[in-house]
>>> print(open('input_5.cif').read())   # mmCIF, C-alpha atoms, pLDDT in the B column; chains and numbers go by the auth columns
data_target
#
loop_
_atom_site.group_PDB
_atom_site.id
_atom_site.type_symbol
_atom_site.label_atom_id
_atom_site.label_comp_id
_atom_site.label_asym_id
_atom_site.label_seq_id
_atom_site.Cartn_x
_atom_site.Cartn_y
_atom_site.Cartn_z
_atom_site.B_iso_or_equiv
_atom_site.auth_seq_id
_atom_site.auth_asym_id
ATOM 1 C CA GLN A 1 93.652 101.451 134.358 90.00 1 H
ATOM 2 C CA VAL A 2 93.847 97.836 135.442 93.00 2 H
ATOM 3 C CA GLN A 3 91.411 95.203 134.282 96.00 3 H
ATOM 4 C CA LEU A 4 90.684 92.136 136.409 97.00 4 H
ATOM 5 C CA VAL A 5 89.035 88.958 135.137 95.00 5 H
ATOM 6 C CA GLU A 6 88.023 86.279 137.612 95.00 6 H
ATOM 7 C CA SER A 7 87.278 82.641 136.987 94.00 7 H
ATOM 8 C CA GLY A 8 86.835 79.418 138.890 95.00 8 H
ATOM 9 C CA GLY A 9 83.643 79.851 140.866 93.00 9 H
ATOM 10 C CA GLY A 10 80.900 77.259 140.952 97.00 10 H
ATOM 11 C CA LEU A 11 78.875 74.829 143.015 97.00 11 H
ATOM 12 C CA VAL A 12 80.603 72.400 145.353 98.00 12 H
ATOM 13 C CA GLN A 13 79.594 70.197 148.248 98.00 13 H
ATOM 14 C CA ALA A 14 80.733 70.948 151.771 98.00 14 H
ATOM 15 C CA GLY A 15 84.268 69.689 152.294 98.00 15 H
ATOM 16 C CA GLY A 16 85.152 70.186 148.656 98.00 16 H
ATOM 17 C CA SER A 17 87.632 72.531 147.000 98.00 17 H
ATOM 18 C CA LEU A 18 87.656 75.283 144.406 98.00 18 H
ATOM 19 C CA ARG A 19 90.397 77.475 143.012 98.00 19 H
ATOM 20 C CA LEU A 20 89.658 81.023 141.955 98.00 20 H
ATOM 21 C CA SER A 21 91.881 82.857 139.499 98.00 21 H
ATOM 22 C CA CYS A 22 92.184 86.563 138.801 97.00 22 H
ATOM 23 C CA ALA A 23 94.135 87.754 135.794 96.00 23 H
ATOM 24 C CA ALA A 24 95.242 91.381 135.746 95.00 24 H
ATOM 25 C CA SER A 25 95.994 93.389 132.618 94.00 25 H
ATOM 26 C CA GLY A 26 96.681 96.994 131.759 92.00 26 H
ATOM 27 C CA ARG A 27 98.794 99.195 134.038 90.00 27 H
ATOM 28 C CA THR A 28 99.795 96.326 136.287 87.00 28 H
ATOM 29 C CA PHE A 29 103.015 98.105 137.282 87.00 29 H
ATOM 30 C CA SER A 30 100.842 100.304 139.490 88.00 30 H
ATOM 31 C CA ILE A 31 99.667 97.350 141.597 89.00 31 H
ATOM 32 C CA ASP A 32 101.264 96.848 145.013 91.00 32 H
ATOM 33 C CA GLY A 33 98.969 94.075 146.208 93.00 33 H
ATOM 34 C CA MET A 34 95.845 92.094 145.480 95.00 34 H
ATOM 35 C CA GLY A 35 93.041 90.728 147.549 96.00 35 H
ATOM 36 C CA TRP A 36 89.985 88.533 147.480 98.00 36 H
ATOM 37 C CA PHE A 37 86.789 89.858 149.006 98.00 37 H
ATOM 38 C CA ARG A 38 83.414 88.203 149.357 98.00 38 H
ATOM 39 C CA ARG A 39 79.864 89.341 149.908 97.00 39 H
ATOM 40 C CA ALA A 40 77.278 86.922 151.206 95.00 40 H
ATOM 41 C CA PRO A 41 73.544 87.715 151.021 90.00 41 H
ATOM 42 C CA GLY A 42 72.598 90.154 153.755 92.00 42 H
ATOM 43 C CA LYS A 43 76.181 90.619 154.919 94.00 43 H
ATOM 44 C CA ASP A 44 78.851 93.265 154.466 95.00 44 H
ATOM 45 C CA ARG A 45 81.730 92.790 152.092 95.00 45 H
ATOM 46 C CA GLU A 46 84.584 90.965 153.776 96.00 46 H
ATOM 47 C CA LEU A 47 88.292 90.853 152.970 98.00 47 H
ATOM 48 C CA VAL A 48 89.082 87.157 152.808 98.00 48 H
ATOM 49 C CA ALA A 49 92.767 87.163 151.880 98.00 49 H
ATOM 50 C CA SER A 50 95.395 89.477 150.458 97.00 50 H
ATOM 51 C CA ILE A 51 98.936 89.314 149.177 95.00 51 H
ATOM 52 C CA THR A 52 101.542 91.937 148.445 92.00 52 H
ATOM 53 C CA TRP A 53 102.942 92.004 144.964 81.00 53 H
ATOM 54 C CA ASN A 54 106.690 92.334 145.478 76.00 54 H
ATOM 55 C CA VAL A 55 107.165 90.969 148.968 68.00 55 H
ATOM 56 C CA ILE A 56 105.264 87.863 149.830 75.00 56 H
ATOM 57 C CA ASN A 57 103.187 89.008 152.782 92.00 57 H
ATOM 58 C CA THR A 58 99.763 87.494 153.178 95.00 58 H
ATOM 59 C CA TYR A 59 96.665 88.149 155.241 97.00 59 H
ATOM 60 C CA TYR A 60 93.765 85.808 155.968 98.00 60 H
ATOM 61 C CA ALA A 61 90.487 86.423 157.709 98.00 61 H
ATOM 62 C CA ASP A 62 90.105 84.256 160.803 98.00 62 H
ATOM 63 C CA SER A 63 87.149 82.492 159.201 96.00 63 H
ATOM 64 C CA VAL A 64 89.314 81.034 156.417 98.00 64 H
ATOM 65 C CA LYS A 65 92.703 80.526 158.073 98.00 65 H
ATOM 66 C CA GLY A 66 93.986 77.022 157.492 97.00 66 H
ATOM 67 C CA ARG A 67 91.505 76.405 154.676 98.00 67 H
ATOM 68 C CA PHE A 68 92.236 79.087 152.041 98.00 68 H
ATOM 69 C CA THR A 69 95.580 79.875 150.408 97.00 69 H
ATOM 70 C CA ILE A 70 96.336 82.963 148.347 96.00 70 H
ATOM 71 C CA SER A 71 99.212 82.972 145.882 94.00 71 H
ATOM 72 C CA ARG A 72 100.371 84.974 142.898 92.00 72 H
ATOM 73 C CA ASP A 73 102.248 84.527 139.657 91.00 73 H
ATOM 74 C CA ASN A 74 103.948 87.805 138.845 84.00 74 H
ATOM 75 C CA ILE A 75 104.885 86.685 135.343 89.00 75 H
ATOM 76 C CA LYS A 76 101.272 85.922 134.496 91.00 76 H
ATOM 77 C CA ASN A 77 99.963 88.826 136.599 91.00 77 H
ATOM 78 C CA THR A 78 97.541 86.384 138.156 94.00 78 H
ATOM 79 C CA VAL A 79 96.463 85.808 141.736 96.00 79 H
ATOM 80 C CA TYR A 80 94.862 82.611 142.943 97.00 80 H
ATOM 81 C CA LEU A 81 92.684 81.651 145.876 98.00 81 H
ATOM 82 C CA GLN A 82 92.775 77.959 146.694 98.00 82 H
ATOM 83 C CA MET A 83 89.774 77.123 148.851 98.00 83 H
ATOM 84 C CA ASP A 84 89.753 73.783 150.641 98.00 84 H
ATOM 85 C CA ASN A 85 87.359 72.218 153.129 98.00 85 H
ATOM 86 C CA LEU A 86 84.633 74.578 151.985 98.00 86 H
ATOM 87 C CA LYS A 87 81.680 75.218 154.256 98.00 87 H
ATOM 88 C CA PRO A 88 78.154 76.395 153.456 97.00 88 H
ATOM 89 C CA GLU A 89 78.979 79.703 155.161 96.00 89 H
ATOM 90 C CA ASP A 90 81.615 80.310 152.470 97.00 90 H
ATOM 91 C CA THR A 91 78.796 80.782 149.969 97.00 91 H
ATOM 92 C CA ALA A 92 79.152 84.271 148.511 98.00 92 H
ATOM 93 C CA VAL A 93 80.112 86.283 145.479 97.00 93 H
ATOM 94 C CA TYR A 94 83.903 86.512 145.473 98.00 94 H
ATOM 95 C CA TYR A 95 85.616 89.581 144.094 98.00 95 H
ATOM 96 C CA CYS A 96 89.210 90.083 143.137 97.00 96 H
ATOM 97 C CA ALA A 97 90.651 93.542 143.806 97.00 97 H
ATOM 98 C CA ALA A 98 93.942 95.224 143.016 96.00 98 H
ATOM 99 C CA ARG A 99 95.568 97.657 145.378 94.00 99 H
ATOM 100 C CA SER A 100 97.443 100.752 144.319 92.00 100 H
ATOM 101 C CA ARG A 101 99.050 103.124 146.828 90.00 101 H
ATOM 102 C CA SER A 102 97.533 101.044 149.639 85.00 102 H
ATOM 103 C CA SER A 103 93.922 101.369 148.457 94.00 103 H
ATOM 104 C CA TYR A 104 91.849 98.821 146.569 96.00 104 H
ATOM 105 C CA VAL A 105 90.890 100.752 143.473 96.00 105 H
ATOM 106 C CA TYR A 106 90.353 98.114 140.789 96.00 106 H
ATOM 107 C CA TRP A 107 87.704 95.405 141.033 97.00 107 H
ATOM 108 C CA GLY A 108 86.710 92.328 139.097 96.00 108 H
ATOM 109 C CA GLN A 109 83.163 91.464 138.120 95.00 109 H
ATOM 110 C CA GLY A 110 82.750 88.808 140.800 96.00 110 H
ATOM 111 C CA THR A 111 82.280 85.061 140.674 96.00 111 H
ATOM 112 C CA GLN A 112 79.670 83.045 142.548 97.00 112 H
ATOM 113 C CA VAL A 113 80.762 80.334 144.952 98.00 113 H
ATOM 114 C CA THR A 114 78.006 78.121 146.326 98.00 114 H
ATOM 115 C CA VAL A 115 78.688 75.426 148.896 98.00 115 H
ATOM 116 C CA SER A 116 75.917 72.933 149.507 97.00 116 H
ATOM 117 C CA SER A 117 75.528 71.081 152.775 93.00 117 H
#
>>> encode(input="input_5.cif", output="structure tokens")
Amino acid sequence: QVQLVESGGGLVQAGGSLRLSCAASGRTFSIDGMGWFRRAPGKDRELVASITWNVINTYYADSVKGRFTISRDNIKNTVYLQMDNLKPEDTAVYYCAARSRSSYVYWGQGTQVTVSS
């Protein structure tokens, strides 16, 4: 099992920044990548960004390209999501997920991000 603990959500004005953190513990050797998802009210869950664990490949949704940056610290088993120039449409619950054998199987509890206009 892998446990994921997120932190860093909150309330920010449009144009502001937040950094989310996700610390992994447990059988972290089984992880081959991590991602950040979000779910806004009335919308489907969306993959926002992802990063592979051993080779630094990243993915960003078009809606966040140029504004969000995903990074990881393998020693700390932590992945970060730096969110800049936030917009009201970024308001959502953000979830960290860990991928094993190419499937996201471990999930954090979620952290609320609210961007006011």
>>> resolve_selection(input="input_5.cif", expression="the PyMOL selection byres ((chain H and resi 51-67) around 9)", output="list of chain:residue names")
H:Ile31, H:Asp32, H:Gly33, H:Met34, H:Gly35, H:Glu46, H:Leu47, H:Val48, H:Ala49, H:Ser50, H:Phe68, H:Thr69, H:Ile70, H:Ser71, H:Arg72, H:Asn74, H:Val79, H:Gln82, H:Met83, H:Asp84, H:Asn85, H:Leu86, H:Asp90, H:Arg99
>>> residues_around(input="input_5.cif", residues="region 15-23 of chain H", least_positions_apart="4", cutoff="8 Å", atoms="all atoms listed in the file", output="ChimeraX atom specification")
/H:4-10,76-87,96,108
>>> axis_aligned_box(input="input_5.cif", around="region 46-58 of chain H", padding_each_side="8 Å", output="AutoDock Vina command-line options")
--center_x 95.9 --center_y 89.7 --center_z 149.4 --size_x 38.6 --size_y 21.2 --size_z 24.8
>>> closest_residue(input="input_5.cif", among="H:Phe37, H:Ile75, H:Ser117, H:Asp44", to="Tyr104 (chain H)", atoms="all atoms listed in the file")
H:Phe37
>>> closest_residue(input="input_5.cif", among="H:Ala40, H:Ser25, H:Ser30, H:Trp107", to="Glu89 (chain H)", atoms="only C-alpha atoms")
H:Ala40
>>> closest_residue(input="input_5.cif", among="H:Ala14, H:Val113, H:Ala97, H:Ala92", to="Val2 (chain H)", atoms="only C-alpha atoms")
H:Ala97
>>> atom_distance(input="input_5.cif", atom1="CA of Ala98 (chain H)", atom2="CA of Leu11 (chain H)")
25.4 Å
>>> atom_distance(input="input_5.cif", atom1="CA of Gly110 (chain H)", atom2="CA of Val12 (chain H)")
17.2 Å
>>> atom_distance(input="input_5.cif", atom1="CA of Gln13 (chain H)", atom2="CA of Ser116 (chain H)")
4.8 Å
>>> closest_residue(input="input_5.cif", among="H:Ser103, H:Gln3, H:Ala24, H:Thr91", to="Arg39 (chain H)", atoms="all atoms listed in the file")
H:Thr91
>>> closest_residue(input="input_5.cif", among="H:Val93, H:Pro88, H:Val105, H:Gln1", to="Arg38 (chain H)", atoms="all atoms listed in the file")
H:Val93
>>> closest_residue(input="input_5.cif", among="H:Arg45, H:Arg27, H:Trp36, H:Thr114", to="Tyr95 (chain H)", atoms="all atoms listed in the file")
H:Trp36
